[in-house]
Amino acid sequence: MTYSGLADLVVLVHLAFVCFVLFGLIAIVAGMLWDWMWPRNFLFRLVLLASTACVATEALLGVTCPLTTLENHLLLAAGKSAYNRSFIGNLTHGVLFYDAPEWVFTIIYWLLTLFILGNFILVPPYRRGTVKEMARSGISEMR
């Protein structure tokens, strides 16, 4: 695979990360509304919280996303200037990046992180043993 192809792969991983966070948030809200068990999985919620907290902290400190940095290094290794992307790269970046002041994104990232953290309290996650105990008592995990 060429450096340009690897850069496209990195931007697709970046998109997958963003989708994980967004759909994870939607799953938590849907799980609250319809009393689903799987969005209350402790590990899922912990990874989601860590993901948003990491991005929010990077934004607060003014650190460029490591995936963006890696993508740009790969583009330079491919003989392209940084931010000179392929069709796939441009298409994905059109979905991922918006033109707004950095402070707007920092606030959004921290609000998302606080929302997830708040849901640890409002809708506490279940630990593995708790789910097994509930299954033994006849409560469906997919409810």
# chains A, B, ... in the order shown; residues from 1 in each chain; ligands from 1
$ residues_around --residues "Met32 of chain A" --least-positions-apart "5" --cutoff "10 Å" --atoms "only C-alpha atoms" --output "list of chain:residue names"
A:Ile26, A:Ala27, A:Met37, A:Pro39, A:Arg40, A:Asn119, A:Leu122, A:Val123
$ residues_around --residues "Thr57 of chain A" --least-positions-apart "6" --cutoff "9 Å" --atoms "only C-alpha atoms" --output "PyMOL selection string"
chain A and resi 63+106+109-110
$ write_last_selection --atoms "N, CA and C atoms" --output "PDB file, in the first residue's frame"
ATOM      1  N   VAL A  63      -3.692  20.884  21.076  1.00  0.00           N
ATOM      2  CA  VAL A  63      -2.925  19.811  20.453  1.00  0.00           C
ATOM      3  C   VAL A  63      -3.653  19.348  19.189  1.00  0.00           C
ATOM      4  N   THR A 106     -13.977  23.073  21.003  1.00  0.00           N
ATOM      5  CA  THR A 106     -13.558  22.755  22.371  1.00  0.00           C
ATOM      6  C   THR A 106     -14.773  22.698  23.289  1.00  0.00           C
ATOM      7  N   TYR A 109     -16.798  19.514  22.437  1.00  0.00           N
ATOM      8  CA  TYR A 109     -16.148  18.302  22.943  1.00  0.00           C
ATOM      9  C   TYR A 109     -16.331  18.172  24.454  1.00  0.00           C
ATOM     10  N   TRP A 110     -16.205  19.282  25.185  1.00  0.00           N
ATOM     11  CA  TRP A 110     -16.365  19.218  26.630  1.00  0.00           C
ATOM     12  C   TRP A 110     -17.818  18.978  27.023  1.00  0.00           C
TER      13      TRP A 110
END
$ residues_around --residues "Ala78 of chain A" --least-positions-apart "4" --cutoff "7 Å" --atoms "only C-alpha atoms" --output "ChimeraX atom specification"
/A:3-4,74
$ closest_residue --among "A:Ala7, A:Val13, A:Val21, A:Cys65" --to "Arg45 of chain A" --atoms "only C-alpha atoms"
A:Val21
$ residues_around --residues "Val55 of chain A" --least-positions-apart "6" --cutoff "12 Å" --atoms "only C-alpha atoms" --output "ChimeraX atom specification"
/A:14,17-18,21,48-49,61-67,105-113
$ atom_distance --atom1 "atom CA of Cys19 of chain A" --atom2 "atom CA of Leu76 of chain A"
26.7 Å
$ atom_distance --atom1 "atom CA of Glu71 of chain A" --atom2 "atom CA of Val11 of chain A"
6.8 Å
$ atom_distance --atom1 "atom CA of Gly31 of chain A" --atom2 "atom CA of Tyr126 of chain A"
12.3 Å
$ closest_residue --among "A:Leu25, A:Thr68, A:Trp36, A:Gly79" --to "Leu12 of chain A" --atoms "only C-alpha atoms"
A:Thr68
